[in-house]
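As provided, run-v9.tsv (TSV, C-alpha atoms and all ligand atoms) reads as follows.
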```tsv
chain	number	residue	atom	x	y	z
A	447	MET	CA	14.98	-6.48	9.88
A	448	THR	CA	15.68	-6.31	13.56
A	449	ASP	CA	14.88	-2.73	14.21
A	450	ILE	CA	11.28	-2.40	13.11
A	451	PRO	CA	9.50	-0.57	15.88
A	452	PRO	CA	5.86	-0.99	16.62
A	453	PRO	CA	3.88	1.61	14.71
A	454	SER	CA	4.65	4.95	16.24
A	455	GLN	CA	1.30	6.40	15.49
A	456	PRO	CA	-2.01	5.11	14.27
A	457	PRO	CA	-3.02	5.75	10.69
A	458	PRO	CA	-4.86	9.01	10.27
A	459	SER	CA	-8.54	8.75	10.96
A	460	GLN	CA	-9.43	11.62	8.68
A	461	PRO	CA	-9.44	11.37	4.91
A	462	SER	CA	-6.46	12.90	3.16
A	463	PRO	CA	-7.04	15.14	0.15
A	464	SER	CA	-5.84	12.40	-2.16
A	465	GLN	CA	-7.45	9.39	-0.61
A	466	PRO	CA	-10.67	8.87	1.23
A	467	SER	CA	-10.89	6.86	4.41
A	468	PRO	CA	-11.87	3.21	4.21
A	469	SER	CA	-15.49	2.77	3.26
A	470	GLN	CA	-15.81	0.52	6.28
A	471	PRO	CA	-13.70	0.62	9.43
A	472	PRO	CA	-11.33	-2.31	9.96
A	473	PRO	CA	-12.59	-4.97	12.35
A	474	THR	CA	-11.91	-3.96	15.92
A	475	GLU	CA	-13.25	-6.89	17.90
A	476	PRO	CA	-10.15	-8.84	18.95
A	477	GLY	CA	-9.81	-12.09	17.11
A	478	SER	CA	-13.16	-11.97	15.43
A	479	PRO	CA	-13.16	-13.28	11.89
A	480	SER	CA	-14.39	-10.80	9.37
A	481	ARG	CA	-17.07	-13.06	7.92
A	482	PRO	CA	-20.39	-12.32	9.60
A	483	GLY	CA	-21.82	-15.16	11.62
A	484	ALA	CA	-18.55	-16.89	12.36
A	485	PRO	CA	-18.23	-18.01	15.96
A	486	PRO	CA	-16.06	-15.89	18.25
A	487	ARG	CA	-12.58	-17.14	19.05
A	488	PRO	CA	-9.68	-15.84	21.10
A	489	PRO	CA	-7.13	-13.81	19.15
A	490	GLY	CA	-4.16	-15.68	17.72
A	491	PRO	CA	-2.84	-17.37	14.62
A	492	VAL	CA	-5.00	-20.07	13.07
A	493	THR	CA	-3.28	-23.12	11.64
A	494	VAL	CA	-5.25	-24.30	8.64
A	495	SER	CA	-2.98	-27.16	7.55
A	496	ARG	CA	-2.80	-30.79	8.55
A	497	ALA	CA	0.58	-32.32	9.20
A	498	GLY	CA	0.38	-34.44	6.07
A	499	ASP	CA	-0.60	-31.71	3.65
A	500	MET	CA	1.39	-31.48	0.47
A	501	ALA	CA	2.06	-28.10	-1.08
A	502	TRP	CA	-0.84	-28.73	-3.47
A	503	SER	CA	-3.31	-30.09	-0.91
A	504	GLY	CA	-5.20	-28.56	1.96
A	505	ILE	CA	-5.94	-24.86	2.47
A	506	GLN	CA	-3.38	-22.69	0.76
A	507	THR	CA	-1.78	-19.96	2.80
A	508	PHE	CA	1.63	-18.68	1.74
A	509	ALA	CA	4.10	-21.49	2.49
A	510	LYS	CA	1.46	-23.05	4.77
A	511	VAL	CA	2.06	-20.41	7.44
A	512	PRO	CA	-0.74	-19.76	9.94
A	513	LEU	CA	-3.59	-17.44	9.07
A	514	CYS	CA	-4.34	-14.20	10.89
A	515	LEU	CA	-7.41	-12.07	10.25
A	516	THR	CA	-7.03	-9.16	12.67
A	517	PRO	CA	-4.27	-7.06	14.20
A	518	ALA	CA	-5.01	-8.79	17.51
A	519	ASP	CA	-4.30	-12.12	15.84
A	520	LEU	CA	-0.96	-10.80	14.60
A	521	ARG	CA	-0.02	-9.44	18.00
A	522	ALA	CA	-0.97	-12.69	19.72
A	523	ALA	CA	1.13	-14.56	17.17
A	524	GLY	CA	4.09	-12.25	17.68
A	525	ALA	CA	4.17	-11.88	13.91
A	526	ASP	CA	7.29	-10.38	12.40
A	527	VAL	CA	5.95	-10.45	8.85
A	528	ALA	CA	2.41	-10.57	7.47
A	529	ILE	CA	1.78	-11.57	3.87
A	530	GLY	CA	-1.48	-10.30	2.39
A	531	GLY	CA	-3.01	-10.06	-1.03
A	532	ALA	CA	-4.42	-7.08	-2.88
A	533	PRO	CA	-6.31	-8.91	-5.64
A	534	TRP	CA	-7.20	-5.88	-7.75
A	535	GLU	CA	-6.89	-5.43	-11.50
A	536	GLY	CA	-9.24	-2.50	-11.98
A	537	THR	CA	-6.52	0.01	-12.83
A	538	ALA	CA	-4.57	-2.06	-15.35
A	539	SER	CA	-4.13	-0.60	-18.83
A	540	GLY	CA	-2.87	-3.70	-20.61
A	541	ARG	CA	-3.53	-7.36	-20.02
A	542	THR	CA	-5.89	-8.03	-17.13
A	543	GLY	CA	-5.97	-10.96	-14.73
A	544	THR	CA	-3.80	-9.59	-11.94
A	545	HIS	CA	-6.67	-10.01	-9.48
A	546	LEU	CA	-5.79	-13.72	-9.64
A	547	GLY	CA	-2.16	-13.00	-8.75
A	548	PRO	CA	-2.22	-13.45	-4.95
A	549	ARG	CA	-3.89	-16.84	-5.14
A	550	ALA	CA	-1.49	-18.02	-7.85
A	551	ILE	CA	1.53	-16.83	-5.85
A	552	ARG	CA	0.34	-18.84	-2.86
A	553	GLU	CA	-0.62	-21.93	-4.84
A	554	CYS	CA	2.41	-22.32	-7.10
A	555	ASP	CA	4.74	-23.64	-4.45
A	556	TYR	CA	5.94	-27.24	-4.43
A	557	LEU	CA	7.46	-27.34	-0.93
A	558	SER	CA	5.00	-27.92	1.88
A	559	ARG	CA	6.96	-28.36	5.08
A	560	GLY	CA	10.32	-29.20	6.53
A	561	SER	CA	13.38	-27.09	6.03
A	562	TRP	CA	13.28	-23.82	4.12
A	563	THR	CA	17.03	-23.29	4.38
A	564	HIS	CA	18.12	-20.97	1.58
A	565	LEU	CA	20.99	-22.78	-0.08
A	566	ASP	CA	22.92	-19.60	-0.99
A	567	VAL	CA	23.11	-18.33	2.58
A	568	ARG	CA	22.14	-21.37	4.73
A	569	VAL	CA	19.43	-19.44	6.59
A	570	ASP	CA	15.89	-20.76	7.12
A	571	PRO	CA	13.71	-17.64	7.43
A	572	PHE	CA	10.94	-19.52	9.21
A	573	GLU	CA	13.33	-20.52	12.01
A	574	HIS	CA	13.98	-16.89	12.83
A	575	LEU	CA	10.79	-15.07	11.90
A	576	VAL	CA	7.14	-15.51	12.77
A	577	VAL	CA	5.39	-15.21	9.42
A	578	CYS	CA	1.61	-15.18	9.02
A	579	ASP	CA	-0.72	-15.00	6.06
A	580	TYR	CA	-3.17	-12.13	6.45
A	581	GLY	CA	-5.53	-13.16	3.68
A	582	ASP	CA	-6.61	-10.60	1.12
A	583	ALA	CA	-7.85	-7.03	1.17
A	584	GLU	CA	-11.48	-6.60	0.21
A	585	VAL	CA	-11.85	-5.40	-3.34
A	586	LEU	CA	-14.95	-3.59	-4.54
A	587	ILE	CA	-15.54	-4.36	-8.18
A	588	GLY	CA	-15.75	-1.15	-10.20
A	589	ASN	CA	-14.92	1.03	-7.20
A	590	THR	CA	-11.30	2.13	-7.37
A	591	ASP	CA	-11.42	4.68	-4.55
A	592	GLY	CA	-13.16	2.28	-2.19
A	593	THR	CA	-10.78	-0.54	-3.02
A	594	TYR	CA	-7.67	1.62	-2.60
A	595	SER	CA	-9.04	2.75	0.77
A	596	ASN	CA	-9.57	-0.86	1.78
A	597	ILE	CA	-6.00	-1.73	0.75
A	598	ARG	CA	-4.65	1.20	2.73
A	599	ALA	CA	-6.61	0.05	5.79
A	600	PHE	CA	-5.58	-3.57	5.21
A	601	VAL	CA	-1.88	-2.70	5.21
A	602	ALA	CA	-2.43	-0.43	8.22
A	603	GLU	CA	-3.86	-3.41	10.08
A	604	MET	CA	-0.74	-5.48	9.38
A	605	LEU	CA	1.41	-2.66	10.73
A	606	GLU	CA	-0.89	-2.21	13.72
A	607	GLY	CA	-0.31	-5.88	14.42
A	608	GLY	CA	3.44	-5.22	14.61
A	609	ALA	CA	4.28	-7.00	11.37
A	610	ILE	CA	6.22	-6.02	8.27
A	611	PRO	CA	3.61	-6.05	5.49
A	612	ILE	CA	4.35	-7.91	2.27
A	613	VAL	CA	1.58	-7.27	-0.23
A	614	LEU	CA	0.87	-9.56	-3.17
A	615	GLY	CA	-0.65	-7.76	-6.18
A	616	GLY	CA	-2.74	-7.05	-7.98
A	617	ASP	CA	-1.91	-4.42	-10.55
A	618	HIS	CA	0.72	-1.84	-9.65
A	619	GLY	CA	-1.92	0.71	-8.70
A	620	ILE	CA	-2.07	-0.96	-5.29
A	621	THR	CA	1.34	0.46	-4.39
A	622	TRP	CA	-0.22	3.90	-3.90
A	623	PRO	CA	-2.43	2.85	-0.96
A	624	ALA	CA	0.01	0.20	0.31
A	625	ALA	CA	3.08	2.43	0.51
A	626	THR	CA	0.93	5.29	1.81
A	627	ALA	CA	-0.17	3.07	4.69
A	628	VAL	CA	3.49	2.43	5.55
A	629	ALA	CA	4.25	6.15	5.36
A	630	ASP	CA	1.21	6.85	7.55
A	631	VAL	CA	2.91	4.89	10.32
A	632	TYR	CA	6.57	5.83	9.85
A	633	GLY	CA	5.96	9.40	8.79
A	634	HIS	CA	5.27	10.97	5.42
A	635	GLY	CA	8.57	11.93	3.86
A	636	THR	CA	10.65	9.44	5.84
A	637	VAL	CA	10.11	6.36	3.67
A	638	GLY	CA	12.18	5.62	0.59
A	639	VAL	CA	11.19	3.22	-2.17
A	640	VAL	CA	13.39	0.94	-4.23
A	641	HIS	CA	11.25	0.18	-7.24
A	642	PHE	CA	12.08	-2.64	-9.65
A	643	ASP	CA	10.15	-2.21	-12.88
A	644	ALA	CA	10.38	-1.93	-16.64
A	645	HIS	CA	8.20	1.16	-16.28
A	646	ALA	CA	8.49	4.37	-14.28
A	647	ASP	CA	4.83	4.41	-13.21
A	648	THR	CA	5.02	8.20	-12.95
A	649	ALA	CA	2.25	9.17	-15.37
A	650	PRO	CA	0.34	12.27	-14.26
A	651	ASP	CA	-2.92	10.46	-14.94
A	652	MET	CA	-4.38	7.67	-17.01
A	653	ARG	CA	-6.81	9.25	-19.44
A	654	GLY	CA	-7.85	11.74	-16.82
A	655	THR	CA	-7.98	9.35	-13.88
A	656	LEU	CA	-5.45	9.80	-11.09
A	657	ALA	CA	-5.55	6.18	-9.95
A	658	GLY	CA	-3.90	3.70	-12.26
A	659	HIS	CA	-1.17	1.14	-12.53
A	660	GLY	CA	0.95	3.68	-14.39
A	661	THR	CA	0.58	6.45	-11.81
A	662	PRO	CA	1.32	5.14	-8.29
A	663	MET	CA	4.82	6.59	-7.97
A	664	ARG	CA	3.53	10.00	-9.13
A	665	ARG	CA	0.78	9.89	-6.52
A	666	LEU	CA	3.19	8.92	-3.73
A	667	ILE	CA	5.46	11.83	-4.60
A	668	GLU	CA	2.73	14.43	-5.13
A	669	SER	CA	0.96	13.46	-1.90
A	670	GLY	CA	4.20	13.87	0.05
A	671	ALA	CA	4.14	10.28	1.29
A	672	VAL	CA	7.44	9.49	-0.45
A	673	PRO	CA	9.76	12.28	-1.64
A	674	GLY	CA	10.93	12.05	-5.22
A	675	HIS	CA	14.58	11.98	-4.20
A	676	ALA	CA	13.84	8.95	-2.01
A	677	PHE	CA	12.82	6.91	-5.06
A	678	VAL	CA	15.39	4.53	-6.52
A	679	GLN	CA	14.19	2.84	-9.70
A	680	VAL	CA	15.89	-0.11	-11.37
A	681	GLY	CA	15.35	-1.76	-14.74
A	682	LEU	CA	13.49	0.79	-16.86
A	683	ARG	CA	13.44	0.17	-20.61
A	684	GLY	CA	11.26	0.17	-23.69
A	685	TYR	CA	9.24	3.09	-25.04
A	686	TRP	CA	7.57	4.71	-22.05
A	687	PRO	CA	7.44	7.22	-20.40
A	688	ASP	CA	7.70	10.07	-22.85
A	689	PRO	CA	10.17	12.98	-22.53
A	690	PRO	CA	7.88	15.33	-20.55
A	691	ILE	CA	7.39	12.69	-17.87
A	692	LEU	CA	11.12	11.92	-17.84
A	693	ALA	CA	11.76	15.62	-17.33
A	694	TRP	CA	9.32	15.66	-14.40
A	695	MET	CA	11.13	12.69	-12.87
A	696	GLU	CA	14.44	14.54	-13.12
A	697	GLU	CA	12.86	17.61	-11.52
A	698	GLN	CA	11.78	15.40	-8.62
A	699	LYS	CA	15.38	14.14	-8.34
A	700	MET	CA	14.29	10.52	-8.66
A	701	ARG	CA	17.26	8.16	-9.03
A	702	THR	CA	16.41	6.07	-12.05
A	703	HIS	CA	18.67	3.26	-13.28
A	704	PHE	CA	17.77	2.32	-16.83
A	705	MET	CA	18.63	-0.97	-18.50
A	706	ALA	CA	21.12	1.00	-20.60
A	707	GLU	CA	23.13	1.73	-17.45
A	708	ILE	CA	22.87	-1.90	-16.37
A	709	ARG	CA	24.07	-3.03	-19.79
A	710	ALA	CA	26.97	-0.57	-19.72
A	711	ASP	CA	28.16	-1.13	-16.16
A	712	GLY	CA	26.79	-4.53	-15.23
A	713	PHE	CA	23.93	-5.36	-12.89
A	714	ASP	CA	26.12	-5.82	-9.80
A	715	ALA	CA	27.55	-2.31	-10.10
A	716	VAL	CA	24.09	-0.78	-10.51
A	717	LEU	CA	22.69	-2.85	-7.66
A	718	ASP	CA	25.50	-1.58	-5.42
A	719	ARG	CA	24.49	1.97	-6.38
A	720	ALA	CA	20.85	1.25	-5.58
A	721	LEU	CA	21.79	-0.27	-2.22
A	722	SER	CA	23.83	2.79	-1.30
A	723	GLU	CA	21.07	5.15	-2.44
A	724	ALA	CA	18.20	3.29	-0.75
A	725	LEU	CA	18.42	5.15	2.56
A	726	ASP	CA	20.75	8.03	1.77
A	727	THR	CA	17.84	10.45	2.04
A	728	ALA	CA	15.23	8.31	3.78
A	729	ASP	CA	14.93	6.53	7.10
A	730	HIS	CA	12.92	3.46	6.11
A	731	LEU	CA	12.84	1.28	3.02
A	732	TYR	CA	9.81	0.05	1.10
A	733	ILE	CA	10.49	-2.35	-1.79
A	734	SER	CA	8.17	-2.52	-4.78
A	735	VAL	CA	8.76	-5.32	-7.28
A	736	ASP	CA	6.88	-5.29	-10.56
A	737	VAL	CA	7.53	-8.74	-12.00
A	738	ASP	CA	7.81	-7.16	-15.45
A	739	CYS	CA	11.22	-5.86	-14.41
A	740	ALA	CA	12.31	-9.37	-15.31
A	741	ASP	CA	12.46	-10.18	-18.98
A	742	PRO	CA	9.24	-11.74	-20.30
A	743	ALA	CA	11.28	-14.92	-20.78
A	744	PHE	CA	11.37	-15.13	-16.99
A	745	ALA	CA	8.00	-13.51	-16.26
A	746	PRO	CA	5.57	-13.84	-19.16
A	747	GLY	CA	2.43	-13.77	-17.03
A	748	THR	CA	2.15	-10.06	-16.48
A	749	GLY	CA	0.13	-7.06	-17.56
A	750	THR	CA	2.58	-5.09	-19.69
A	751	PRO	CA	5.58	-7.28	-20.62
A	752	GLU	CA	8.60	-5.45	-21.99
A	753	PRO	CA	11.36	-7.51	-23.64
A	754	GLY	CA	14.99	-6.93	-22.77
A	755	GLY	CA	14.91	-7.12	-19.00
A	756	LEU	CA	16.71	-8.65	-16.05
A	757	THR	CA	16.85	-12.31	-15.15
A	758	SER	CA	14.82	-13.70	-12.29
A	759	GLY	CA	18.07	-14.72	-10.59
A	760	GLU	CA	19.38	-11.18	-10.66
A	761	LEU	CA	16.19	-9.80	-9.14
A	762	LEU	CA	15.88	-12.46	-6.45
A	763	ARG	CA	19.37	-11.72	-5.21
A	764	ALA	CA	18.65	-7.99	-5.32
A	765	VAL	CA	15.59	-8.36	-3.10
A	766	ARG	CA	17.52	-10.50	-0.62
A	767	ARG	CA	20.41	-8.05	-0.51
A	768	LEU	CA	18.09	-5.10	0.14
A	769	ALA	CA	16.27	-6.91	2.94
A	770	ALA	CA	19.53	-8.08	4.55
A	771	GLU	CA	21.83	-5.12	3.99
A	772	VAL	CA	19.36	-2.23	4.23
A	773	GLY	CA	16.31	-3.70	5.93
A	774	ALA	CA	12.75	-3.17	4.73
A	775	VAL	CA	9.63	-2.05	6.57
A	776	GLY	CA	7.26	-3.02	3.77
A	777	MET	CA	7.16	-4.57	0.33
A	778	ASP	CA	4.90	-5.43	-2.54
A	779	VAL	CA	5.20	-7.84	-5.46
A	780	VAL	CA	2.79	-6.94	-8.20
A	781	GLU	CA	1.52	-7.50	-11.75
A	782	VAL	CA	1.36	-11.30	-11.79
A	783	SER	CA	-1.35	-12.20	-14.30
A	784	PRO	CA	-1.98	-15.95	-14.14
A	785	PRO	CA	-4.09	-16.15	-17.33
A	786	TYR	CA	-0.99	-15.11	-19.29
A	787	ASP	CA	1.34	-17.34	-17.32
A	788	ALA	CA	1.51	-19.98	-20.05
A	789	GLY	CA	0.05	-22.70	-17.86
A	790	ASN	CA	3.24	-23.35	-15.94
A	791	ASN	CA	3.12	-20.69	-13.20
A	792	ILE	CA	6.59	-19.43	-14.09
A	793	THR	CA	5.74	-15.83	-13.16
A	794	ALA	CA	3.86	-16.74	-10.00
A	795	MET	CA	6.84	-18.84	-8.89
A	796	PHE	CA	9.15	-15.91	-9.48
A	797	ALA	CA	6.91	-13.69	-7.34
A	798	ASN	CA	6.66	-16.40	-4.68
A	799	ARG	CA	10.45	-16.55	-4.53
A	800	CYS	CA	10.71	-12.77	-4.35
A	801	VAL	CA	8.75	-12.99	-1.11
A	802	LEU	CA	10.94	-15.82	0.17
A	803	GLU	CA	14.07	-13.81	-0.65
A	804	ALA	CA	12.67	-10.88	1.33
A	805	LEU	CA	11.95	-13.18	4.25
A	806	THR	CA	15.42	-14.71	4.02
A	807	GLY	CA	17.09	-11.31	3.89
A	808	THR	CA	15.02	-10.10	6.83
A	809	ALA	CA	16.07	-13.17	8.83
A	810	MET	CA	19.70	-12.61	7.81
A	811	ARG	CA	19.53	-9.04	9.10
A	812	ARG	CA	18.08	-10.28	12.37
A	813	LEU	CA	21.04	-12.67	12.63
A	814	GLY	CA	23.52	-9.90	11.87
A	815	ILE	CA	24.41	-11.23	8.42
A	816	THR	CA	24.57	-7.92	6.60
A	817	GLN	CA	27.87	-7.95	4.75
A	818	PRO	CA	27.64	-7.14	1.03
A	819	ASP	CA	26.41	-9.95	-1.19
A	820	TYR	CA	26.89	-12.58	1.50
A	821	ALA	CA	26.92	-16.22	0.52
A	822	ASP	CA	27.75	-19.21	2.71
A	823	PRO	CA	31.22	-20.56	1.88
A	824	ARG	CA	29.78	-24.08	1.72
A	825	SER	CA	27.67	-22.96	-1.21
A	826	LEU	CA	30.48	-21.29	-3.14
A	827	GLY	CA	32.22	-24.41	-4.36
A	828	HIS	CA	34.69	-26.76	-2.80
A	829	HIS	CA	37.53	-24.31	-3.39
A	830	ALA	CA	35.95	-21.89	-0.92
A	831	VAL	CA	35.87	-24.40	1.95
A	832	PRO	CA	39.19	-24.96	3.77
A	833	ALA	CA	40.42	-28.51	3.31
A	834	GLN	CA	39.81	-30.70	6.33
A	835	PRO	CA	42.94	-32.32	7.79
A	836	ASP	CA	43.10	-36.07	7.34
A	837	ALA	CA	42.09	-38.07	10.37
A	838	PRO	CA	45.08	-39.55	12.18
B	1	MN	MN	5.76	-2.33	-14.99
```
Rewrite the structure from the file as structure tokens, please.
Amino acid sequence: MTDIPPPSQPPPSQPSPSQPSPSQPPPTEPGSPSRPGAPPRPPGPVTVSRAGDMAWSGIQTFAKVPLCLTPADLRAAGADVAIGGAPWEGTASGRTGTHLGPRAIRECDYLSRGSWTHLDVRVDPFEHLVVCDYGDAEVLIGNTDGTYSNIRAFVAEMLEGGAIPIVLGGDHGITWPAATAVADVYGHGTVGVVHFDAHADTAPDMRGTLAGHGTPMRRLIESGAVPGHAFVQVGLRGYWPDPPILAWMEEQKMRTHFMAEIRADGFDAVLDRALSEALDTADHLYISVDVDCADPAFAPGTGTPEPGGLTSGELLRAVRRLAAEVGAVGMDVVEVSPPYDAGNNITAMFANRCVLEALTGTAMRRLGITQPDYADPRSLGHHAVPAQPDAP
């Protein structure tokens, strides 16, 4: 989006009641790589590709964009968007393997360079945005609180660098620290979330533990980071949550769009509702995409697949429309589990394209292309392009 301001305030330095501070402070030396012993370098983006690299060769950043390791790097790059991983699976209740998600999302691409013009809208996001890969947050095996704190600090760094953070999960538990970091900067209570998922993720706890991949939306609401009425959920189905949790969600005034509503009214009608609700009570939009919102036919490699969902095409267009028509200040794409991805990366590719749709929509917004469901006439069939007069 065009109107992202630099962070208005630094993240709080004191621990909140719900989340401790990072176990280690973020690196503060400008431009210094985080690995001890690395030689000093001036701050700025680091290109880690050779000109001849294919998508599957060389060092894999997202779409071969330059690497940044510190907020100073991002600022020196003039980064509009930073893409970083949260490779954490420690709070998953079903299939594991989501710690391998960020790497798979980066590696699955088949385009290495040249034009990235989106054929629906004829916009190349990399022509209009400076996009950097920010690497991955440090996970601490077996230490949920420490890892969540690191993720919160990691996302805070991307914001401190002036970039819109796009976080690659990881199980959905990472949305609690990631969205909290965004709210830390923009103001608790001012951020709304559009949440695509088969599941509500509003459990009060997971067998007594507050952190979990079924609890992040509950935590965000109860902490005050995101008000319940600022949540817009799309795609819920299946057999969870149970009636007491559904009642709690209604008490919080969450706007939840179930698959039943989508089936009755059509996805476009429900998406229009979600677009209109996204900022009707909030000032800033955070998008959270659980790939299991798509039907397992489109996203089999995930932690808790639920049959009967949306198509990948429907969700990709939804992400683009939100980024273009509403504008997002942060996003995550979560629950890609490569070991269950059937050997063909179908789910990782879907997540990769979710990120590209967000980038494309953000570039569209910067260009002023914000009309509803925009598509370039040249891509709508020959009937949509006025006939050219014959040459004399
Ligand atoms: Mn889910």
For this session: Between A:Glu584, A:Asp778, A:Glu752, A:Glu697, single out the one closest to ligand MN 1 (chain B), counting all atoms listed in the file.
Result: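 Looking at the shortest contact to ligand MN 1 (chain B), the residue is A:Glu752.
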Problem set entry | Residues near region 517-531 of chain A, cut-off 8 Å, all atoms listed in the file, skip fewer than 6 positions along chain, as a PyMOL selection string | chain A and resi 476-477+489-491+508+548-549+575-583+603-616
Problem set entry | Closest of A:Ala797, A:Ala538, A:Leu813, A:Leu826 to ligand MN 1 (chain B) - atom-to-atom distances counting all atoms listed in the file | A:Ala538
For this session: Select the residues contacting ligand MN 1 (chain B) at a distance of at most 7 Å, based on only C-alpha atoms and all ligand atoms, then format the selection as a list of chain:residue names.
Result: A:Asp643, A:Ala644, A:His645, A:Asp736, A:Asp738, A:Cys739, A:Thr750
For this session: Measuring atom to atom with all atoms listed in the file, identify which of A:Glu781, A:Asp630, A:Glu573, A:Asp729 is nearest to Thr544 (chain A).
Result: A:Glu781
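Each of A:Gly681, A:Pro623, A:Gly749, A:Gly759 was compared to His641 (chain A) using all atoms listed in the file, and A:Gly681 turns out to be the nearest.
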Exercise. Which of these residues is nearest to Gln817 (chain A), using all atoms listed in the file: A:Asp651, A:Asp591, A:Asp741, A:Glu771?
Worked result: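 Checking each of A:Asp651, A:Asp591, A:Asp741, A:Glu771 against Gln817 (chain A), counting all atoms listed in the file, the winner is A:Glu771.
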Problem set entry | Gly773 (chain A) environment, 10 Å, all atoms listed in the file, sequence neighbours closer than 4 positions dropped, as a list in words | Met447, Thr448, Asp449, Ile450, Ala724, Leu725, His730, Leu731, Tyr732, Ile733, Arg766, Arg767, Leu768, Ala769, Ala804, Gly807, Thr808, Ala809, Met810, Arg811, Arg812 and Thr816 of chain A
Exercise. From the set A:Val569, A:Met663, A:Ala676, A:Met652, which residue has the shortest atom-to-atom contact distance to Arg701 (chain A), counting all atoms listed in the file?
Worked result: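 Checking each candidate against Arg701 (chain A), we get A:Ala676 as the closest.
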Exercise. In Å, with one decimal, what is the gap from CA of Asn596 (chain A) to CA of Ala509 (chain A)?
Worked result: 24.8 Å
Seminar exercise, completed: Between CA of Thr806 (chain A) and CA of Ala770 (chain A) lies a distance of 7.8 Å
Hey, could you make a per-residue contact list for region 660-740 of chain A against region 819-825 of chain A with 12 Å as the cut-off, showing the nearest pair of atoms and its distance in Å to one decimal, counting only C-alpha atoms, sorted by chain and number, as a Markdown table?
```
| residue | atom | partner | partner_atom | distance |
| --- | --- | --- | --- | --- |
| A:Asp714 | CA | A:Asp819 | CA | 9.6 |
| A:Ala715 | CA | A:Asp819 | CA | 11.8 |
| A:Leu717 | CA | A:Asp819 | CA | 10.3 |
| A:Asp718 | CA | A:Asp819 | CA | 9.4 |
| A:Leu721 | CA | A:Asp819 | CA | 10.8 |
```
Residues as selected, C-alpha atoms, written as a tab-separated table (two decimals), keeping the file's coordinate frame, can you do that?
```tsv
chain	number	residue	atom	x	y	z
A	714	ASP	CA	26.12	-5.82	-9.80
A	715	ALA	CA	27.55	-2.31	-10.10
A	717	LEU	CA	22.69	-2.85	-7.66
A	718	ASP	CA	25.50	-1.58	-5.42
A	721	LEU	CA	21.79	-0.27	-2.22
```
Exercise. To one decimal place, how far is CA of Arg496 (chain A) from CA of Leu802 (chain A) in Å?
Worked result: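 For CA of Arg496 (chain A) relative to CA of Leu802 (chain A), the distance reads 22.0 Å.
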Taking all atoms of region 534-548 of chain A that the file lists and extending 3 Å past them on each side, where is the centre of the axis-aligned box and how long are its edges? Answer in Å to one decimal, as AutoDock Vina command-line options.
```
--center_x -5.7 --center_y -6.9 --center_z -12.8 --size_x 13.1 --size_y 19.7 --size_z 21.7
```
